[in-house]
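For reference, the structure is listed below as structure tokens.
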Amino acid sequence: MSASRAPIQRFARIRVGRFARPFWHWEIQAIAWAAMVFVLAGATALLIIGVSTALLWFWGVGRGEQIAIGSWLCHLLGMVAAMYLGMLVYMDAIRPAMAGLLGPGFASTGASYVGMLVAMALGMVVLMRVEGHSLEMCAEMSLAMLAPVVAVFALLGAVSEASLPFTGLTLAAGYSLAHDAMLLGMIGLMVYQRRMYGSG
């Protein structure tokens, strides 16, 4: 390698966890996943992911901890995109088929919402298995995803319908809050297991 090209080659490679990868590898992957998250999940989900990633990076720098933030971010974005792809398949194909079998009222039942959550979890698990994660890690992430949703609806169930207008909560707001809580639960687990999820 010529001396003039050496600095360019050094700039084009960074250390990600235990692996040396081309600089553009995780960046292009992150941009592609982020675009999918924005289209499928919306700007709020992308904002939560961006803020969480920045806070983790600053926290790691402050503690002098080496965090492979590129791999960590790509994994989080990929899981969220896979979840919402699973939801899209459910909403456009599975739920209409179930409504045809069980009646048009099925779409507005709790069973329909549970089916959507299962489809989201399955989408995420499929991606994790493709990436080589163990079944234990898949189960752990599924629990981190679903437990906050159960907690949100348990909280809403404790608030009577008569008092909902006074709290400023609506059923639609409850669903939105549950999805944000789901994302925060996953991020919480990934921060706790940051070395594992940032290992490339």
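Simple scheme: letters A, B, ... for chains in structure tokens order, numbers from 1 for residues in each chain, numbers from 1 for ligands in the order shown.
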
- Considering only C-alpha atoms, return as a ChimeraX atom specification whatever protein or nucleic-acid residues lie within 8 Å of stretch 179-184 of chain A, sequence-local ones (same chain, fewer than 4 positions apart) excluded. /A:45,48,80,144-149,152,175,188

Export C-alpha atoms of the chosen residues as an mmCIF file, in the first residue's frame?
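Output contents, as saved in out05.cif:
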data_model
loop_
_atom_site.group_PDB
_atom_site.id
_atom_site.type_symbol
_atom_site.label_atom_id
_atom_site.label_comp_id
_atom_site.auth_asym_id
_atom_site.auth_seq_id
_atom_site.Cartn_x
_atom_site.Cartn_y
_atom_site.Cartn_z
ATOM 1 C CA ALA A 45 -40.190 5.913 17.526
ATOM 2 C CA ILE A 48 -36.870 7.804 20.995
ATOM 3 C CA VAL A 80 -38.038 -2.269 15.487
ATOM 4 C CA ALA A 144 -38.850 -6.797 27.489
ATOM 5 C CA MET A 145 -41.083 -5.851 24.560
ATOM 6 C CA LEU A 146 -44.399 -7.224 25.847
ATOM 7 C CA ALA A 147 -44.206 -6.620 29.607
ATOM 8 C CA PRO A 148 -44.437 -2.790 29.329
ATOM 9 C CA VAL A 149 -47.553 -3.144 27.121
ATOM 10 C CA VAL A 152 -49.685 0.168 30.464
ATOM 11 C CA TYR A 175 -52.289 2.362 22.378
ATOM 12 C CA GLY A 188 -33.724 -0.718 28.630
#

DSSP on the backbone: which residues in stretch 12-179 of chain A end up as strand (DSSP E)? Give the answer as a short mmCIF file (atom, residue, chain, number, x, y, z; two decimals) with N, CA and C atoms, in the first residue's frame.
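What ended up in part-v5.cif:
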data_model
loop_
_atom_site.label_atom_id
_atom_site.label_comp_id
_atom_site.auth_asym_id
_atom_site.auth_seq_id
_atom_site.Cartn_x
_atom_site.Cartn_y
_atom_site.Cartn_z
N ARG A 13 -11.78 2.50 8.08
CA ARG A 13 -12.07 1.35 8.94
C ARG A 13 -12.12 1.79 10.39
N ILE A 14 -13.12 1.27 11.10
CA ILE A 14 -13.21 1.54 12.53
C ILE A 14 -13.35 0.20 13.24
N ARG A 15 -13.09 0.23 14.52
CA ARG A 15 -13.23 -0.98 15.32
C ARG A 15 -14.64 -0.99 15.90
N VAL A 16 -15.40 -2.04 15.60
CA VAL A 16 -16.75 -2.19 16.12
C VAL A 16 -16.76 -3.45 16.96
N PHE A 19 -14.76 -6.61 16.08
CA PHE A 19 -14.62 -6.78 14.65
C PHE A 19 -14.21 -5.48 13.97
N ALA A 20 -13.28 -5.55 13.03
CA ALA A 20 -12.95 -4.38 12.20
C ALA A 20 -13.84 -4.44 10.96
N ARG A 21 -14.63 -3.40 10.74
CA ARG A 21 -15.54 -3.38 9.61
C ARG A 21 -15.33 -2.09 8.82
N PRO A 22 -15.71 -2.10 7.54
CA PRO A 22 -15.64 -0.85 6.78
C PRO A 22 -16.49 0.22 7.45
#

- May I have the residues within 8 Å of A:Leu85 as a PyMOL selection string, using only C-alpha atoms and disregarding those fewer than 3 positions away in the same chain? chain A and resi 40+81-82+88-89+120+123

With C-alpha atoms retained, could you export that selection as a PDB file, in the first residue's frame?
ATOM      1  CA  LEU A  40     -43.488   1.908   9.483  1.00  0.00           C
ATOM      2  CA  ALA A  81     -38.331  -2.417  11.686  1.00  0.00           C
ATOM      3  CA  ALA A  82     -38.895  -6.197  11.843  1.00  0.00           C
ATOM      4  CA  LEU A  88     -48.025  -4.794   8.687  1.00  0.00           C
ATOM      5  CA  VAL A  89     -48.379  -8.426   7.563  1.00  0.00           C
ATOM      6  CA  MET A 120     -44.664  -8.036  16.047  1.00  0.00           C
ATOM      7  CA  GLY A 123     -41.056 -10.545  13.255  1.00  0.00           C
TER       8      GLY A 123
END

- Measuring atom to atom with only C-alpha atoms, identify which of A:Ser176, A:Met91, A:Ala54, A:Gly86 is nearest to A:Gly42. A:Ser176

- Surrounding residues of A:Ala30 excluding itself and chain neighbours under 4 positions, 8 Å, only C-alpha atoms, as a list in words: Trp26, Ala34, Gly70, Leu73, Cys74 and Leu77 of chain A

Take the residues from that selection and write them out as a PDB file, in the first residue's frame, keeping C-alpha atoms.
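Wrote selection37.pdb, looks like this:
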ATOM      1  CA  TRP A  26     -22.934   0.121   9.845  1.00  0.00           C
ATOM      2  CA  ALA A  34     -33.946   4.126  10.136  1.00  0.00           C
ATOM      3  CA  GLY A  70     -22.878   1.477  15.620  1.00  0.00           C
ATOM      4  CA  LEU A  73     -27.935   1.116  17.000  1.00  0.00           C
ATOM      5  CA  CYS A  74     -28.204  -1.143  13.923  1.00  0.00           C
ATOM      6  CA  LEU A  77     -33.313  -0.232  14.440  1.00  0.00           C
TER       7      LEU A  77
END

- Message: Please report the interatomic distance between atom CA of A:Ser142 and atom CA of A:Ser52 in Å with one decimal.
- Response: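 The value is 19.3 Å.
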
- Message: Give me, as number ranges by chain, all polymer residues having an atom no more than 9 Å from A:Leu76, counting only C-alpha atoms and skipping those fewer than 3 positions away in the same chain.
- Response: A: 49, 71-73, 79-81, 186-187, 190, 197

- Looking only at the backbone, which of the residues in stretch 3-121 of chain A does DSSP tag as helix (DSSP H, G or I), as a PyMOL selection string? chain A and resi 6-11+23-40+43-63+69-102+104-108+110-121
